[in-house]
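Asks: The structure that follows is given in the form of structure tokens.
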Amino acid sequence: MEEETLDLAPLEDIFEEYETKKGAIIPVLQKAQDIYGYLPEEVLQTISRRMRVPLSQVYGVTTFYSQFYLTRRGRHIVRQCDGTACHVRGSARIISVVARDLGISADETTPDYRVTYEVVYCLGSCGLAPTAVIDDNVYGHLNPEKMTAMVRELP
Ligand code: FES
């Protein structure tokens, strides 16, 4: 895989706003993640230095809050529900078929960063089980064929 050089310049606007504010580490991390889609190590080191917060503490925050990602995510986020209602209607089979089709395991990202495929436990749409969310759109009454076709179509 090609190593891309990370452009840290966009972080400057964030530091300009927050550098002097004590305890602003969470909004800084949120804004940095909005820029990069995740929080690369280089970004965390820069934040640690500029915000004068020990790197171990910065990591502590990112691992405590599930909203932060330390690895690069796919362009499309597919969340397949395997909660009780979906499970009894065959979600486990959908997960294994779709993951195999993508060539990854559940909760992984394809090597080309096209898709991150996550398993979640209830999307609040049990009446539509089995259910999945693709880039914030909910899809219901799924089966392995339907789901595989939709995931394949994602650009
Ligand atoms: S269990 Fe799947 S949406 Fe609730």
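Residue numbering restarts at 1 for every chain of the structure tokens, chains are lettered A, B, ... in their displayed order, and ligands are numbered from 1 as they appear.
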Please find the residues contacting ligand 1 at a distance of at most 8 Å between atoms, with only C-alpha atoms and all ligand atoms counted, and report them as a JSON list (two decimals) with C-alpha atoms, in the first residue's frame.

Replies:
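Dumped everything to selection_14.json:
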```json
[["chain", "number", "residue", "atom", "x", "y", "z"],
["A", 81, "CYS", "CA", -27.44, -5.38, 12.48],
["A", 82, "ASP", "CA", -27.08, -8.70, 14.29],
["A", 83, "GLY", "CA", -29.36, -7.85, 17.20],
["A", 84, "THR", "CA", -31.96, -10.38, 18.34],
["A", 85, "ALA", "CA", -34.73, -9.45, 15.88],
["A", 86, "CYS", "CA", -32.31, -9.39, 12.95],
["A", 87, "HIS", "CA", -30.46, -12.49, 14.10],
["A", 121, "TYR", "CA", -26.59, -4.81, 17.77],
["A", 122, "CYS", "CA", -29.91, -3.07, 17.02],
["A", 123, "LEU", "CA", -30.41, -0.13, 14.76],
["A", 124, "GLY", "CA", -33.81, 0.66, 16.24],
["A", 125, "SER", "CA", -35.65, -0.63, 13.17],
["A", 126, "CYS", "CA", -36.45, -4.14, 14.36],
["A", 127, "GLY", "CA", -39.75, -4.14, 12.42],
["A", 128, "LEU", "CA", -37.68, -4.13, 9.22],
["A", 129, "ALA", "CA", -35.37, -6.98, 10.30],
["A", 130, "PRO", "CA", -32.91, -7.96, 9.05],
["A", 131, "THR", "CA", -31.71, -4.40, 8.83],
["A", 132, "ALA", "CA", -28.57, -2.56, 7.76]]
```

Asks: List every residue of chain A that DSSP, applied to the backbone of this structure, assigns to strand (DSSP E or B), and report them as a PyMOL selection string.

Replies: chain A and resi 76-81+108-109+115-120+132-134+137-139

Asks: Limited to N, CA, C and O atoms, could you put the picked residues into a file as a CSV table (one decimal), in the first residue's frame?

Replies:
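Here's the written file again-v5.csv:
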```csv
chain,number,residue,atom,x,y,z
A,76,HIS,N,-17.2,4.2,2.4
A,76,HIS,CA,-18.6,3.8,2.8
A,76,HIS,C,-18.6,3.1,4.1
A,76,HIS,O,-17.8,2.1,4.3
A,77,ILE,N,-19.5,3.4,5.0
A,77,ILE,CA,-19.7,2.7,6.2
A,77,ILE,C,-20.9,1.9,6.2
A,77,ILE,O,-22.0,2.4,6.0
A,78,VAL,N,-20.8,0.6,6.2
A,78,VAL,CA,-21.9,-0.3,6.2
A,78,VAL,C,-22.1,-1.0,7.5
A,78,VAL,O,-21.1,-1.6,8.1
A,79,ARG,N,-23.2,-0.8,8.1
A,79,ARG,CA,-23.5,-1.4,9.5
A,79,ARG,C,-24.6,-2.4,9.4
A,79,ARG,O,-25.7,-2.1,9.0
A,80,GLN,N,-24.2,-3.6,9.6
A,80,GLN,CA,-25.2,-4.7,9.5
A,80,GLN,C,-25.6,-5.1,10.9
A,80,GLN,O,-24.8,-5.3,11.8
A,81,CYS,N,-26.9,-5.1,11.1
A,81,CYS,CA,-27.4,-5.4,12.5
A,81,CYS,C,-27.5,-6.9,12.7
A,81,CYS,O,-27.9,-7.7,11.8
A,108,GLU,N,-14.0,-5.0,9.7
A,108,GLU,CA,-12.8,-4.6,9.0
A,108,GLU,C,-13.1,-3.7,7.8
A,108,GLU,O,-14.2,-3.5,7.4
A,109,THR,N,-12.0,-3.1,7.3
A,109,THR,CA,-12.1,-2.2,6.1
A,109,THR,C,-11.4,-2.9,4.9
A,109,THR,O,-10.4,-3.5,5.1
A,115,VAL,N,-15.0,0.1,1.6
A,115,VAL,CA,-16.0,-0.2,2.5
A,115,VAL,C,-15.5,-0.6,3.9
A,115,VAL,O,-14.5,-1.4,4.0
A,116,THR,N,-16.1,0.0,4.9
A,116,THR,CA,-15.9,-0.5,6.3
A,116,THR,C,-17.2,-1.3,6.6
A,116,THR,O,-18.3,-0.7,6.5
A,117,TYR,N,-17.0,-2.5,7.0
A,117,TYR,CA,-18.2,-3.4,7.3
A,117,TYR,C,-18.3,-3.7,8.8
A,117,TYR,O,-17.5,-4.4,9.3
A,118,GLU,N,-19.3,-3.1,9.4
A,118,GLU,CA,-19.4,-3.2,10.9
A,118,GLU,C,-20.6,-4.0,11.2
A,118,GLU,O,-21.6,-3.9,10.6
A,119,VAL,N,-20.5,-4.7,12.3
A,119,VAL,CA,-21.7,-5.4,12.9
A,119,VAL,C,-22.1,-4.7,14.1
A,119,VAL,O,-21.3,-4.3,15.0
A,120,VAL,N,-23.4,-4.3,14.2
A,120,VAL,CA,-24.0,-3.6,15.3
A,120,VAL,C,-25.1,-4.4,15.9
A,120,VAL,O,-25.6,-5.4,15.3
A,132,ALA,N,-29.9,-3.1,7.9
A,132,ALA,CA,-28.6,-2.6,7.8
A,132,ALA,C,-28.6,-1.1,7.5
A,132,ALA,O,-29.7,-0.6,7.0
A,133,VAL,N,-27.6,-0.4,7.8
A,133,VAL,CA,-27.5,1.0,7.4
A,133,VAL,C,-26.2,1.2,6.5
A,133,VAL,O,-25.2,0.7,6.9
A,134,ILE,N,-26.5,1.8,5.4
A,134,ILE,CA,-25.3,2.1,4.5
A,134,ILE,C,-25.2,3.6,4.4
A,134,ILE,O,-26.2,4.3,3.9
A,137,ASN,N,-28.3,5.6,5.5
A,137,ASN,CA,-29.6,5.2,5.0
A,137,ASN,C,-29.9,3.8,5.5
A,137,ASN,O,-29.1,2.9,5.4
A,138,VAL,N,-31.2,3.6,6.0
A,138,VAL,CA,-31.6,2.4,6.5
A,138,VAL,C,-32.2,1.5,5.4
A,138,VAL,O,-33.0,2.0,4.6
A,139,TYR,N,-31.8,0.2,5.4
A,139,TYR,CA,-32.4,-0.8,4.5
A,139,TYR,C,-32.9,-1.9,5.3
A,139,TYR,O,-32.3,-2.4,6.2
```

Asks: May I ask which of the residues A:Asp136, A:Glu19, A:Glu153, A:Glu145 is the closest one to Ser48 (chain A), counting only C-alpha atoms?

Replies: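 The shortest atom-to-atom distance to Ser48 (chain A) comes from A:Glu19.
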
Asks: Quick one: everything within 10 Å of region 53-60 of chain A, counting only C-alpha atoms, minus sequence neighbours fewer than 3 positions away in the same chain. Send it as a ChimeraX atom specification.

Replies: /A:22-23,25-26,29,41,44-50,63-65,70

Asks: Could you go through chain A and tell me which residues DSSP, when run on the backbone, assigns to helix (DSSP H, G or I), listing them as a PyMOL selection string?

Replies: chain A and resi 11-18+25-36+41-51+55-64+84-88+91-102+126-128+144-153

Asks: Excluding Pro40 (chain A) and any residue of its chain fewer than 5 positions from it, enumerate the residues within 10 Å of it, using only C-alpha atoms, and give them as a PyMOL selection string.

Replies: chain A and resi 6+32-33+45+69-72

Asks: Which residue gives the smallest distance to Thr148 (chain A) among A:Leu11, A:Ala99, A:Met51, A:Ile104, with only C-alpha atoms counted?

Replies: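 Selected residue with least distance to Thr148 (chain A): A:Ala99.
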
Asks: In terms of the shortest atom-to-atom distance over only C-alpha atoms, which of A:Arg114, A:Lys146, A:Arg52, A:Arg73 is closest to Ile94 (chain A)?

Replies: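 Under the stated criterion, the closest residue is A:Lys146.
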